[in-house]
$ cat protein_18.cif   # mmCIF, C-alpha atoms; chains and numbers go by the auth columns
data_upload
#
loop_
_atom_site.group_PDB
_atom_site.id
_atom_site.type_symbol
_atom_site.label_atom_id
_atom_site.label_comp_id
_atom_site.label_asym_id
_atom_site.label_seq_id
_atom_site.Cartn_x
_atom_site.Cartn_y
_atom_site.Cartn_z
_atom_site.B_iso_or_equiv
_atom_site.auth_seq_id
_atom_site.auth_asym_id
ATOM 1 C CA GLN A 1 0.000 0.000 0.000 0.00 1 A
ATOM 2 C CA VAL A 2 1.384 3.347 -1.068 0.00 2 A
ATOM 3 C CA GLN A 3 1.373 6.137 1.499 0.00 3 A
ATOM 4 C CA LEU A 4 2.669 9.686 1.364 0.00 4 A
ATOM 5 C CA VAL A 5 2.421 11.386 4.750 0.00 5 A
ATOM 6 C CA GLU A 6 3.074 15.107 5.089 0.00 6 A
ATOM 7 C CA SER A 7 4.039 16.804 8.320 0.00 7 A
ATOM 8 C CA GLY A 8 5.466 20.085 9.557 0.00 8 A
ATOM 9 C CA GLY A 9 2.652 22.466 8.786 0.00 9 A
ATOM 10 C CA GLY A 10 1.295 24.972 11.258 0.00 10 A
ATOM 11 C CA LEU A 11 0.800 28.615 12.093 0.00 11 A
ATOM 12 C CA VAL A 12 3.729 30.984 11.560 0.00 12 A
ATOM 13 C CA GLN A 13 4.141 34.746 11.521 0.00 13 A
ATOM 14 C CA PRO A 14 5.047 36.599 8.326 0.00 14 A
ATOM 15 C CA GLY A 15 8.774 36.381 7.741 0.00 15 A
ATOM 16 C CA GLY A 16 9.018 33.095 9.595 0.00 16 A
ATOM 17 C CA SER A 17 10.091 29.644 8.433 0.00 17 A
ATOM 18 C CA LEU A 18 8.689 26.135 8.308 0.00 18 A
ATOM 19 C CA ARG A 19 10.020 22.852 7.011 0.00 19 A
ATOM 20 C CA LEU A 20 7.567 20.390 5.557 0.00 20 A
ATOM 21 C CA SER A 21 8.340 16.695 5.296 0.00 21 A
ATOM 22 C CA CYS A 22 6.723 13.983 3.210 0.00 22 A
ATOM 23 C CA ALA A 23 7.525 10.414 4.148 0.00 23 A
ATOM 24 C CA ALA A 24 6.813 7.785 1.508 0.00 24 A
ATOM 25 C CA SER A 25 6.179 4.094 1.915 0.00 25 A
ATOM 26 C CA GLY A 26 5.143 1.333 -0.456 0.00 26 A
ATOM 27 C CA ILE A 27 7.110 2.744 -3.391 0.00 27 A
ATOM 28 C CA ILE A 28 10.685 2.614 -4.650 0.00 28 A
ATOM 29 C CA PHE A 29 11.216 6.218 -3.625 0.00 29 A
ATOM 30 C CA SER A 30 14.408 6.798 -5.596 0.00 30 A
ATOM 31 C CA GLY A 31 12.530 6.063 -8.798 0.00 31 A
ATOM 32 C CA TYR A 32 9.913 8.752 -8.273 0.00 32 A
ATOM 33 C CA ASN A 33 9.909 12.400 -9.188 0.00 33 A
ATOM 34 C CA MET A 34 8.596 14.262 -6.143 0.00 34 A
ATOM 35 C CA ALA A 35 6.779 17.558 -5.876 0.00 35 A
ATOM 36 C CA TRP A 36 4.997 19.899 -3.518 0.00 36 A
ATOM 37 C CA TYR A 37 1.717 21.520 -4.503 0.00 37 A
ATOM 38 C CA ARG A 38 -0.513 23.892 -2.602 0.00 38 A
ATOM 39 C CA GLN A 39 -4.151 24.877 -2.690 0.00 39 A
ATOM 40 C CA ALA A 40 -5.596 27.975 -1.078 0.00 40 A
ATOM 41 C CA PRO A 41 -9.354 28.346 -0.499 0.00 41 A
ATOM 42 C CA GLY A 42 -11.122 29.161 -3.758 0.00 42 A
ATOM 43 C CA ASN A 43 -7.995 28.515 -5.815 0.00 43 A
ATOM 44 C CA GLN A 44 -6.812 25.658 -7.963 0.00 44 A
ATOM 45 C CA ARG A 45 -4.050 23.399 -6.765 0.00 45 A
ATOM 46 C CA GLU A 46 -0.725 24.747 -8.005 0.00 46 A
ATOM 47 C CA LEU A 47 2.807 23.452 -8.275 0.00 47 A
ATOM 48 C CA VAL A 48 5.208 24.894 -5.703 0.00 48 A
ATOM 49 C CA ALA A 49 8.390 22.948 -6.390 0.00 49 A
ATOM 50 C CA SER A 50 9.546 19.650 -7.824 0.00 50 A
ATOM 51 C CA ILE A 51 12.644 17.500 -7.636 0.00 51 A
ATOM 52 C CA ALA A 52 13.453 14.824 -10.159 0.00 52 A
ATOM 53 C CA THR A 53 15.045 11.462 -9.493 0.00 53 A
ATOM 54 C CA GLY A 54 18.380 12.918 -10.537 0.00 54 A
ATOM 55 C CA GLY A 55 18.000 15.929 -8.274 0.00 55 A
ATOM 56 C CA ARG A 56 16.994 18.595 -10.777 0.00 56 A
ATOM 57 C CA THR A 57 14.690 21.132 -9.147 0.00 57 A
ATOM 58 C CA ILE A 58 11.989 23.450 -10.457 0.00 58 A
ATOM 59 C CA TYR A 59 10.304 26.263 -8.536 0.00 59 A
ATOM 60 C CA ALA A 60 7.207 28.329 -9.115 0.00 60 A
ATOM 61 C CA ASP A 61 8.010 32.003 -9.553 0.00 61 A
ATOM 62 C CA PRO A 62 6.283 33.165 -6.328 0.00 62 A
ATOM 63 C CA VAL A 63 8.553 30.976 -4.174 0.00 63 A
ATOM 64 C CA LYS A 64 11.884 31.274 -5.974 0.00 64 A
ATOM 65 C CA GLY A 65 14.628 32.328 -3.602 0.00 65 A
ATOM 66 C CA ARG A 66 12.490 31.574 -0.528 0.00 66 A
ATOM 67 C CA PHE A 67 11.671 27.867 -0.729 0.00 67 A
ATOM 68 C CA THR A 68 14.018 24.908 -1.164 0.00 68 A
ATOM 69 C CA ILE A 69 12.989 21.392 -2.082 0.00 69 A
ATOM 70 C CA SER A 70 15.254 18.459 -1.259 0.00 70 A
ATOM 71 C CA ARG A 71 15.074 14.699 -0.969 0.00 71 A
ATOM 72 C CA ASP A 72 16.719 12.000 1.106 0.00 72 A
ATOM 73 C CA ASN A 73 16.407 8.695 -0.718 0.00 73 A
ATOM 74 C CA ALA A 74 17.802 6.795 2.260 0.00 74 A
ATOM 75 C CA LYS A 75 14.887 8.059 4.371 0.00 75 A
ATOM 76 C CA ASN A 76 12.267 7.946 1.587 0.00 76 A
ATOM 77 C CA THR A 77 11.483 11.567 2.392 0.00 77 A
ATOM 78 C CA VAL A 78 11.127 14.813 0.491 0.00 78 A
ATOM 79 C CA TYR A 79 11.358 18.176 2.229 0.00 79 A
ATOM 80 C CA LEU A 80 10.248 21.719 1.568 0.00 80 A
ATOM 81 C CA GLN A 81 12.134 24.392 3.470 0.00 81 A
ATOM 82 C CA MET A 82 10.054 27.560 3.452 0.00 82 A
ATOM 83 C CA ASN A 83 11.666 30.836 4.496 0.00 83 A
ATOM 84 C CA SER A 84 10.465 34.451 4.482 0.00 84 A
ATOM 85 C CA LEU A 85 6.889 33.242 4.542 0.00 85 A
ATOM 86 C CA LYS A 86 4.133 35.584 3.416 0.00 86 A
ATOM 87 C CA PRO A 87 0.392 35.575 4.115 0.00 87 A
ATOM 88 C CA GLU A 88 -0.193 34.585 0.487 0.00 88 A
ATOM 89 C CA ASP A 89 1.694 31.333 1.152 0.00 89 A
ATOM 90 C CA THR A 90 -1.239 30.231 3.308 0.00 90 A
ATOM 91 C CA ALA A 91 -2.628 27.013 1.830 0.00 91 A
ATOM 92 C CA VAL A 92 -2.881 23.285 2.229 0.00 92 A
ATOM 93 C CA TYR A 93 0.391 21.800 0.998 0.00 93 A
ATOM 94 C CA TYR A 94 0.360 18.436 -0.735 0.00 94 A
ATOM 95 C CA CYS A 95 3.140 16.030 -1.596 0.00 95 A
ATOM 96 C CA LYS A 96 3.030 14.141 -4.899 0.00 96 A
ATOM 97 C CA GLY A 97 5.096 11.258 -6.162 0.00 97 A
ATOM 98 C CA SER A 98 5.171 10.550 -9.890 0.00 98 A
ATOM 99 C CA SER A 99 6.431 7.568 -11.817 0.00 99 A
ATOM 100 C CA TYR A 100 6.154 7.012 -15.565 0.00 100 A
ATOM 101 C CA TYR A 101 5.185 3.398 -14.984 0.00 101 A
ATOM 102 C CA ALA A 102 3.099 3.613 -11.796 0.00 102 A
ATOM 103 C CA GLY A 103 1.413 6.983 -12.110 0.00 103 A
ATOM 104 C CA ASP A 104 0.842 9.595 -9.432 0.00 104 A
ATOM 105 C CA TYR A 105 0.314 9.334 -5.705 0.00 105 A
ATOM 106 C CA TRP A 106 -0.788 12.150 -3.397 0.00 106 A
ATOM 107 C CA GLY A 107 -0.536 12.770 0.299 0.00 107 A
ATOM 108 C CA GLN A 108 -3.407 13.987 2.447 0.00 108 A
ATOM 109 C CA GLY A 109 -2.046 17.524 2.824 0.00 109 A
ATOM 110 C CA THR A 110 -0.815 19.691 5.662 0.00 110 A
ATOM 111 C CA GLN A 111 -2.119 23.158 6.504 0.00 111 A
ATOM 112 C CA VAL A 112 0.255 26.118 6.470 0.00 112 A
ATOM 113 C CA THR A 113 -1.089 29.394 7.822 0.00 113 A
ATOM 114 C CA VAL A 114 0.961 32.589 7.708 0.00 114 A
ATOM 115 C CA SER A 115 -0.592 35.239 9.890 0.00 115 A
ATOM 116 C CA SER A 116 0.282 37.709 12.608 0.00 116 A
#
$ encode --input "protein_18.cif" --output "structure tokens"
Amino acid sequence: QVQLVESGGGLVQPGGSLRLSCAASGIIFSGYNMAWYRQAPGNQRELVASIATGGRTIYADPVKGRFTISRDNAKNTVYLQMNSLKPEDTAVYYCKGSSYYAGDYWGQGTQVTVSS
């Protein structure tokens, strides 16, 4: 059974930092491209950052220079370090694993709220 479990969300003040984690099980993690998405109320789910099996990273423009995605294949975990957080970063953050052969798997999401 495939599971992606996010953690690390919470309430933080503007300018603060959070680190999200997504622990995967039931998949050969090193063979999956991993990504973080977010969805704010009333908005569509959008890509935040992705990291390929080889380590190449892509970032959405609004988070460039503030967020860093990384992966630890030994721990089957992908991370999202979020710095200089803004109120507009408030959303539910989802982890996604993608494989050409097996398709996509999603986590259940973790809430991030940036507010003073």
$ resolve_selection --input "protein_18.cif" --expression "the PyMOL selection byres ((chain A and resi 92) around 9)" --output "ChimeraX atom specification"
/A:9,37-41,90-91,93-94,109-113
$ closest_residue --input "protein_18.cif" --among "A:Ala49, A:Ala102, A:Val114, A:Leu85" --to "Val2 (chain A)" --atoms "only C-alpha atoms"
A:Ala102
$ closest_residue --input "protein_18.cif" --among "A:Ser17, A:Ser98, A:Ser7, A:Gln1" --to "Gln81 (chain A)" --atoms "all atoms listed in the file"
A:Ser17
$ resolve_selection --input "protein_18.cif" --expression "the PyMOL selection byres ((chain A and resi 34) around 9)" --output "PyMOL selection string"
chain A and resi 29+32-33+35-36+49-53+71+78+95-98
$ residues_near_point --input "protein_18.cif" --point "(11.5, 29.0, 2.3)" --cutoff "12 Å" --atoms "all atoms listed in the file" --output "tab-separated table (two decimals) with C-alpha atoms, in the coordinates of the input"
chain	number	residue	atom	x	y	z
A	14	PRO	CA	5.05	36.60	8.33
A	15	GLY	CA	8.77	36.38	7.74
A	16	GLY	CA	9.02	33.10	9.60
A	17	SER	CA	10.09	29.64	8.43
A	18	LEU	CA	8.69	26.14	8.31
A	19	ARG	CA	10.02	22.85	7.01
A	20	LEU	CA	7.57	20.39	5.56
A	48	VAL	CA	5.21	24.89	-5.70
A	49	ALA	CA	8.39	22.95	-6.39
A	59	TYR	CA	10.30	26.26	-8.54
A	62	PRO	CA	6.28	33.16	-6.33
A	63	VAL	CA	8.55	30.98	-4.17
A	64	LYS	CA	11.88	31.27	-5.97
A	65	GLY	CA	14.63	32.33	-3.60
A	66	ARG	CA	12.49	31.57	-0.53
A	67	PHE	CA	11.67	27.87	-0.73
A	68	THR	CA	14.02	24.91	-1.16
A	69	ILE	CA	12.99	21.39	-2.08
A	70	SER	CA	15.25	18.46	-1.26
A	79	TYR	CA	11.36	18.18	2.23
A	80	LEU	CA	10.25	21.72	1.57
A	81	GLN	CA	12.13	24.39	3.47
A	82	MET	CA	10.05	27.56	3.45
A	83	ASN	CA	11.67	30.84	4.50
A	84	SER	CA	10.46	34.45	4.48
A	85	LEU	CA	6.89	33.24	4.54
A	86	LYS	CA	4.13	35.58	3.42
A	89	ASP	CA	1.69	31.33	1.15
$ closest_residue --input "protein_18.cif" --among "A:Ala60, A:Asn73, A:Gly107, A:Gln44" --to "Cys22 (chain A)" --atoms "only C-alpha atoms"
A:Gly107
$ axis_aligned_box --input "protein_18.cif" --around "region 62-75 of chain A" --padding-each-side "3 Å" --output "JSON"
{"center_x": 12.0, "center_y": 20.0, "center_z": -1.0, "size_x": 17.5, "size_y": 32.4, "size_z": 16.7}
$ atom_distance --input "protein_18.cif" --atom1 "CA of Ala24 (chain A)" --atom2 "CA of Leu4 (chain A)"
4.6 Å
$ closest_residue --input "protein_18.cif" --among "A:Ile58, A:Ala23, A:Val12, A:Val5" --to "Asn76 (chain A)" --atoms "all atoms listed in the file"
A:Ala23
$ atom_distance --input "protein_18.cif" --atom1 "CA of Asp104 (chain A)" --atom2 "CA of Ser25 (chain A)"
13.7 Å
$ atom_distance --input "protein_18.cif" --atom1 "CA of Ser115 (chain A)" --atom2 "CA of Asp61 (chain A)"
21.5 Å
$ closest_residue --input "protein_18.cif" --among "A:Gln13, A:Asn43, A:Ser30, A:Thr77" --to "Gly55 (chain A)" --atoms "only C-alpha atoms"
A:Ser30
$ closest_residue --input "protein_18.cif" --among "A:Ser21, A:Ser116, A:Glu6, A:Ala74" --to "Pro87 (chain A)" --atoms "only C-alpha atoms"
A:Ser116
$ decode --input "protein_18.cif" --residues "region 3-41 of chain A" --atoms "N, CA and C atoms" --output "PDB file, in the first residue's frame"
ATOM      1  N   GLN A   3       1.762   5.035   0.609  1.00  0.00           N
ATOM      2  CA  GLN A   3       1.373   6.137   1.499  1.00  0.00           C
ATOM      3  C   GLN A   3       2.386   7.267   1.376  1.00  0.00           C
ATOM      4  N   LEU A   4       1.869   8.476   1.270  1.00  0.00           N
ATOM      5  CA  LEU A   4       2.669   9.686   1.364  1.00  0.00           C
ATOM      6  C   LEU A   4       2.094  10.484   2.524  1.00  0.00           C
ATOM      7  N   VAL A   5       2.907  10.736   3.533  1.00  0.00           N
ATOM      8  CA  VAL A   5       2.421  11.386   4.750  1.00  0.00           C
ATOM      9  C   VAL A   5       3.198  12.674   4.979  1.00  0.00           C
ATOM     10  N   GLU A   6       2.464  13.800   4.872  1.00  0.00           N
ATOM     11  CA  GLU A   6       3.074  15.107   5.089  1.00  0.00           C
ATOM     12  C   GLU A   6       3.040  15.472   6.568  1.00  0.00           C
ATOM     13  N   SER A   7       4.007  16.274   6.961  1.00  0.00           N
ATOM     14  CA  SER A   7       4.039  16.804   8.320  1.00  0.00           C
ATOM     15  C   SER A   7       4.813  18.115   8.311  1.00  0.00           C
ATOM     16  N   GLY A   8       4.695  18.858   9.414  1.00  0.00           N
ATOM     17  CA  GLY A   8       5.466  20.085   9.557  1.00  0.00           C
ATOM     18  C   GLY A   8       4.699  21.365   9.345  1.00  0.00           C
ATOM     19  N   GLY A   9       3.439  21.258   8.964  1.00  0.00           N
ATOM     20  CA  GLY A   9       2.652  22.466   8.786  1.00  0.00           C
ATOM     21  C   GLY A   9       2.289  23.096  10.116  1.00  0.00           C
ATOM     22  N   GLY A  10       1.696  24.282  10.041  1.00  0.00           N
ATOM     23  CA  GLY A  10       1.295  24.972  11.258  1.00  0.00           C
ATOM     24  C   GLY A  10       1.076  26.445  11.027  1.00  0.00           C
ATOM     25  N   LEU A  11       0.998  27.168  12.119  1.00  0.00           N
ATOM     26  CA  LEU A  11       0.800  28.615  12.093  1.00  0.00           C
ATOM     27  C   LEU A  11       2.144  29.306  12.311  1.00  0.00           C
ATOM     28  N   VAL A  12       2.461  30.268  11.450  1.00  0.00           N
ATOM     29  CA  VAL A  12       3.729  30.984  11.560  1.00  0.00           C
ATOM     30  C   VAL A  12       3.488  32.444  11.216  1.00  0.00           C
ATOM     31  N   GLN A  13       4.271  33.320  11.802  1.00  0.00           N
ATOM     32  CA  GLN A  13       4.141  34.746  11.521  1.00  0.00           C
ATOM     33  C   GLN A  13       4.807  35.090  10.194  1.00  0.00           C
ATOM     34  N   PRO A  14       4.364  36.147   9.552  1.00  0.00           N
ATOM     35  CA  PRO A  14       5.047  36.599   8.326  1.00  0.00           C
ATOM     36  C   PRO A  14       6.542  36.793   8.574  1.00  0.00           C
ATOM     37  N   GLY A  15       7.330  36.327   7.602  1.00  0.00           N
ATOM     38  CA  GLY A  15       8.774  36.381   7.741  1.00  0.00           C
ATOM     39  C   GLY A  15       9.373  35.153   8.390  1.00  0.00           C
ATOM     40  N   GLY A  16       8.542  34.293   8.923  1.00  0.00           N
ATOM     41  CA  GLY A  16       9.018  33.095   9.595  1.00  0.00           C
ATOM     42  C   GLY A  16       9.327  31.958   8.634  1.00  0.00           C
ATOM     43  N   SER A  17       9.690  30.815   9.212  1.00  0.00           N
ATOM     44  CA  SER A  17      10.091  29.644   8.433  1.00  0.00           C
ATOM     45  C   SER A  17       9.371  28.397   8.921  1.00  0.00           C
ATOM     46  N   LEU A  18       9.194  27.472   8.007  1.00  0.00           N
ATOM     47  CA  LEU A  18       8.689  26.135   8.308  1.00  0.00           C
ATOM     48  C   LEU A  18       9.404  25.152   7.403  1.00  0.00           C
ATOM     49  N   ARG A  19       9.522  23.922   7.872  1.00  0.00           N
ATOM     50  CA  ARG A  19      10.020  22.852   7.011  1.00  0.00           C
ATOM     51  C   ARG A  19       8.989  21.739   6.964  1.00  0.00           C
ATOM     52  N   LEU A  20       8.504  21.479   5.767  1.00  0.00           N
ATOM     53  CA  LEU A  20       7.567  20.390   5.557  1.00  0.00           C
ATOM     54  C   LEU A  20       8.331  19.120   5.196  1.00  0.00           C
ATOM     55  N   SER A  21       7.790  17.999   5.641  1.00  0.00           N
ATOM     56  CA  SER A  21       8.340  16.695   5.296  1.00  0.00           C
ATOM     57  C   SER A  21       7.250  15.827   4.692  1.00  0.00           C
ATOM     58  N   CYS A  22       7.649  14.954   3.799  1.00  0.00           N
ATOM     59  CA  CYS A  22       6.723  13.983   3.210  1.00  0.00           C
ATOM     60  C   CYS A  22       7.430  12.634   3.199  1.00  0.00           C
ATOM     61  N   ALA A  23       6.951  11.741   4.041  1.00  0.00           N
ATOM     62  CA  ALA A  23       7.525  10.414   4.148  1.00  0.00           C
ATOM     63  C   ALA A  23       6.740   9.438   3.280  1.00  0.00           C
ATOM     64  N   ALA A  24       7.452   8.713   2.440  1.00  0.00           N
ATOM     65  CA  ALA A  24       6.813   7.785   1.508  1.00  0.00           C
ATOM     66  C   ALA A  24       7.046   6.352   1.936  1.00  0.00           C
ATOM     67  N   SER A  25       6.051   5.527   1.688  1.00  0.00           N
ATOM     68  CA  SER A  25       6.179   4.094   1.915  1.00  0.00           C
ATOM     69  C   SER A  25       5.411   3.365   0.825  1.00  0.00           C
ATOM     70  N   GLY A  26       5.832   2.133   0.553  1.00  0.00           N
ATOM     71  CA  GLY A  26       5.143   1.333  -0.456  1.00  0.00           C
ATOM     72  C   GLY A  26       5.578   1.603  -1.880  1.00  0.00           C
ATOM     73  N   ILE A  27       6.583   2.465  -2.061  1.00  0.00           N
ATOM     74  CA  ILE A  27       7.110   2.744  -3.391  1.00  0.00           C
ATOM     75  C   ILE A  27       8.631   2.674  -3.356  1.00  0.00           C
ATOM     76  N   ILE A  28       9.226   2.512  -4.546  1.00  0.00           N
ATOM     77  CA  ILE A  28      10.685   2.614  -4.650  1.00  0.00           C
ATOM     78  C   ILE A  28      10.977   4.098  -4.810  1.00  0.00           C
ATOM     79  N   PHE A  29      11.180   4.760  -3.691  1.00  0.00           N
ATOM     80  CA  PHE A  29      11.216   6.218  -3.625  1.00  0.00           C
ATOM     81  C   PHE A  29      12.215   6.826  -4.606  1.00  0.00           C
ATOM     82  N   SER A  30      13.373   6.215  -4.744  1.00  0.00           N
ATOM     83  CA  SER A  30      14.408   6.798  -5.596  1.00  0.00           C
ATOM     84  C   SER A  30      13.997   6.850  -7.059  1.00  0.00           C
ATOM     85  N   GLY A  31      12.994   6.091  -7.424  1.00  0.00           N
ATOM     86  CA  GLY A  31      12.530   6.063  -8.798  1.00  0.00           C
ATOM     87  C   GLY A  31      11.399   7.025  -9.095  1.00  0.00           C
ATOM     88  N   TYR A  32      11.036   7.831  -8.134  1.00  0.00           N
ATOM     89  CA  TYR A  32       9.913   8.752  -8.273  1.00  0.00           C
ATOM     90  C   TYR A  32      10.379  10.199  -8.309  1.00  0.00           C
ATOM     91  N   ASN A  33       9.824  10.955  -9.249  1.00  0.00           N
ATOM     92  CA  ASN A  33       9.909  12.400  -9.188  1.00  0.00           C
ATOM     93  C   ASN A  33       8.958  12.861  -8.093  1.00  0.00           C
ATOM     94  N   MET A  34       9.408  13.802  -7.269  1.00  0.00           N
ATOM     95  CA  MET A  34       8.596  14.262  -6.143  1.00  0.00           C
ATOM     96  C   MET A  34       8.302  15.752  -6.288  1.00  0.00           C
ATOM     97  N   ALA A  35       7.167  16.155  -5.752  1.00  0.00           N
ATOM     98  CA  ALA A  35       6.779  17.558  -5.876  1.00  0.00           C
ATOM     99  C   ALA A  35       5.913  17.976  -4.702  1.00  0.00           C
ATOM    100  N   TRP A  36       5.908  19.271  -4.475  1.00  0.00           N
ATOM    101  CA  TRP A  36       4.997  19.899  -3.518  1.00  0.00           C
ATOM    102  C   TRP A  36       4.035  20.790  -4.296  1.00  0.00           C
ATOM    103  N   TYR A  37       2.768  20.666  -3.965  1.00  0.00           N
ATOM    104  CA  TYR A  37       1.717  21.520  -4.503  1.00  0.00           C
ATOM    105  C   TYR A  37       1.038  22.220  -3.331  1.00  0.00           C
ATOM    106  N   ARG A  38       0.287  23.255  -3.637  1.00  0.00           N
ATOM    107  CA  ARG A  38      -0.513  23.892  -2.602  1.00  0.00           C
ATOM    108  C   ARG A  38      -1.848  24.335  -3.180  1.00  0.00           C
ATOM    109  N   GLN A  39      -2.819  24.439  -2.279  1.00  0.00           N
ATOM    110  CA  GLN A  39      -4.151  24.877  -2.690  1.00  0.00           C
ATOM    111  C   GLN A  39      -4.716  25.777  -1.608  1.00  0.00           C
ATOM    112  N   ALA A  40      -4.965  27.020  -1.978  1.00  0.00           N
ATOM    113  CA  ALA A  40      -5.596  27.975  -1.078  1.00  0.00           C
ATOM    114  C   ALA A  40      -7.107  27.953  -1.315  1.00  0.00           C
ATOM    115  N   PRO A  41      -7.894  28.355  -0.332  1.00  0.00           N
ATOM    116  CA  PRO A  41      -9.354  28.346  -0.499  1.00  0.00           C
ATOM    117  C   PRO A  41      -9.780  29.127  -1.730  1.00  0.00           C
TER     118      PRO A  41
END
